[in-house]
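To start, the structure under review is shown below, and the notes come after it.
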Amino acid sequence: MTLFTIDKVRKTFKNGEVEEEILKGINLSLKEGEITALVGASGSGKSTLLTIAAGLQSATDGQVLFEDQNLTTMNTEQIRKLRASKFGFVFQFSHLVPFLTVEEQLLLMLDIAESPLKKHEQQSEVHRLLQLVGMAHRKAAYPAVLSGGEKQRVAIARAIIHQPKVLFADEPTASLDSQRSQEIMQLLSELTTTLNITTLMVTHDEEMLAYADRMIKISDGAVLSNTLY
Amino acid sequence: MNLAWKEMKKNKVRFLILGSIIFLVSFLTFMISGLANGLSQDNAAFIKDLPQGQFYMAEDADGTFNLSRIDSDLQQEVIRKEKEAVAFSMQMGFLNDQDDKQQSVAFVTSTASTLFSTVYQGEVILDSSLQDKGIQVGDILTNNQYNGKFIVKGFVAQKKYSHAPVAYISEEAYEEMYRVKDKQLIYVPNSEPQNFKGLQAYSNKEFLNTIPSYNAEQLSLNMIIWFLVVISGLLFAIFFYMMNVQKIGLYGILKAIGVKTSKLFNMIWTQMVIITVVSLVLSISLSQLVNLVSPKEMPFSLTISTCVFSDWLYRSYVVRATD
């Protein structure tokens, strides 16, 4: 079942007098529970596409449809609410809040998503998820004392604790070594499959494609190929 | 979740440094303001404590009250017209105490008025600062220009002029000492300026500014205070701006994951308000403590209104810095 549709999306930027077209009418759809990898050279437009799909910036033209909602016609507050409740994000450098403990990072996300869980239920949920990502023993630690791999595990836990429908991952393993990258992708793949989360992931690491169900190759702002594994 | 408080708890040193800078700069401003007010009181409390009204001096004195002479006919004319009007004169001079020690004073004499102490021939009423120098009620004081003696009848609080305590004496004694019958000034409380032939009207503020030492002293001190206020404003703005600029990345991520913009503003505001309020409360408390424990000879006066005004000024800086 199609959960997410990107329909003829164009994005142009003005660079002085010159107008640059970054995305040239992209069409793609994400199937529920699938992991879709966006690949392409630097500057091909894959990260721009991801941010437009996630509602972090608007498209110049075209539509982004999620379930029955059109992101391109929504106002800022409606998109924020959608991001907070239905989307999850994993960034290249984890970007955890430096002054919150591991446990608090997850509680904050539940707070943002306006979780209906009571306080003690939220704490049990946080503990359960930290156990899933193997970080329960470090719940009182601050990001500064965690390794790169540990930070990414916490970032993944933060991205899915509110049970989002879609997970956006922008080069989630780019800052990790090969072994840690495999571990993180293994974890991401297992969790999204178990929780039936649709994933759109930007990567330039071909080894990571082994975890994807579909690969979309982007070149020069256009879809070059759409391959289902 | 209270992000502002959590960040402050985690980064205690950073916020402590910022708070101490605000504390030190505001404390310095309060201290200089206290000294400026203190000097101003020491210089002209006798005039400043009078209610708002009009001072009249002879037109040909050209704004220098020492040169002003208002003859008794004109005095009577004004006093007849304005029931509360009082004519008075001031001159610097000396009083010798019982040990023949000279005390510098400002002699003041006036026509009958509730605003000035009433003294009879041979009596003197002094500013209370002379009590600290050992002068008591009933003491006999002398002056080499006055043939009689002055008996101290009492003391009044906070009556100073040109950094010297005021000594109220009778019109007769003043006339004998300075060989002048005319008064220098007429003061009419709670009134608007009026036209009296040969007289020039001054409001309280205008009259204070005609006192040369007062004007020069206050101008210098006010310049220092406003310079400090501007410098501290710039410092606050730069520190708060830098602190938030460093966190732009974090704000971006928080917004991306769905944090409301209002929540981020709330976080910034809470931190700025906590730091500013705590620092200002501490600096106001410490400056009030200095006010209490400073030696009596040190002219220091820090009123609550000055503190409240400075507090408002500093907090408006914070508002500008976070905008």
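Letters A, B, ... mark the chains of the structure tokens in the order given; residue numbers begin at 1 per chain; ligand numbers begin at 1, in order shown.
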
>> Using only C-alpha atoms, I'd like every residue of chain A that has an atom within 12 Å of chain B; please write them out as number ranges by chain.
In response: A: 51-52, 54-57, 76-101, 104-114, 119, 141-144, 155, 158-160, 162, 164, 167-168

>> Give me, as a list in words, all polymer residues having an atom no more than 12 Å from Asp73 in chain B, counting only C-alpha atoms and skipping those fewer than 4 positions away in the same chain.
In response: Arg69, Glu77, Val78, Ile79, Arg80, Ala87, Lys181, Asp182, Lys183, Lys197 and Gly198 of chain B

> Residues at most 7 Å from range 50-52 of chain B, counting only C-alpha atoms, excluding those fewer than 4 positions away in the same chain, as a ChimeraX atom specification?
Replying inline: /B:189-190,204

Keeping only C-alpha atoms, write the selected residues to a file as a compact mmCIF listing (two decimals), in the first residue's frame.
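Result went into out_37.txt, see below:
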```
# COMPACT_ATOMS: atom_id res chain seq x y z
CA PRO B 189 5.99 76.34 46.55
CA ASN B 190 3.48 74.55 44.30
CA ASN B 204 13.53 73.70 41.09
```

> Out of range 12-251 of chain B, which residues get helix (DSSP H, G or I) from DSSP, as a PyMOL selection string?
Replying inline: chain B and resi 12-48+59-61+65-67+72-81+128-133+171-178+204-210+212-245+248-251

>> One decimal, in Å: what's the spacing between CA of Leu67 in chain B and CA of Val180 in chain B?
In response: 11.9 Å

> Per DSSP on the backbone, what are the strand (DSSP E or B) residues of range 3-241 of chain B, as a ChimeraX atom specification?
Replying inline: /B:53-58,70,86-96,102-110,123-127,140-143,146-156,160-161,164-168,183,185-189,199-203

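If you look at CA of Val166 in chain A and CA of Glu121 in chain A, they are 23.4 Å away from each other.
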
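Between CA of Met92 in chain B and CA of Ala61 in chain B the interatomic distance comes to 18.3 Å.
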
>> Give me, as a ChimeraX atom specification, all polymer residues having an atom no more than 12 Å from Ile47 in chain B, counting only C-alpha atoms and skipping those fewer than 6 positions away in the same chain.
In response: /B:40-41,53-55,88,90,108,115-116,158-162,166,185,187,189,203-211,214

Can you write just those residues out, C-alpha atoms, as a CSV table (one decimal), in the first residue's frame?
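The result, written out as selection22.csv:
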```csv
chain,number,residue,atom,x,y,z
B,40,SER,CA,23.9,65.4,44.7
B,41,GLN,CA,22.2,65.2,48.1
B,53,GLY,CA,7.7,75.4,42.9
B,54,GLN,CA,9.3,78.6,41.6
B,55,PHE,CA,12.5,80.3,42.7
B,88,PHE,CA,15.6,83.7,52.0
B,90,MET,CA,22.3,81.6,51.9
B,108,VAL,CA,20.4,80.3,55.9
B,115,LEU,CA,9.3,75.0,54.9
B,116,PHE,CA,12.2,76.6,56.8
B,158,GLN,CA,19.4,66.0,55.6
B,159,LYS,CA,19.7,69.8,55.2
B,160,LYS,CA,23.0,70.3,53.3
B,161,TYR,CA,24.2,72.9,50.8
B,162,SER,CA,27.5,72.9,48.9
B,166,VAL,CA,23.0,74.1,56.9
B,185,LEU,CA,15.8,84.6,46.7
B,187,TYR,CA,10.6,80.7,46.8
B,189,PRO,CA,6.0,76.3,46.6
B,203,SER,CA,11.8,75.9,38.5
B,204,ASN,CA,13.5,73.7,41.1
B,205,LYS,CA,15.5,71.9,38.4
B,206,GLU,CA,16.5,75.1,36.7
B,207,PHE,CA,17.5,76.7,40.0
B,208,LEU,CA,19.7,73.6,40.9
B,209,ASN,CA,21.5,74.0,37.5
B,210,THR,CA,22.4,77.6,38.4
B,211,ILE,CA,24.5,76.3,41.2
B,214,TYR,CA,26.3,71.2,41.5
```

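Minimum atom-to-atom distance to Val223 in chain A, evaluated using only C-alpha atoms, belongs to A:Ser44 out of A:Thr2, A:Ser44, A:Gln182, A:Thr36.
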
> Contacts of Ile125 in chain B at 12 Å or less, counting only C-alpha atoms, minus same-chain residues fewer than 3 places along, as a PyMOL selection string?
Replying inline: chain B and resi 105-109+116-122+128-131+135-141+150-157+159+165-170
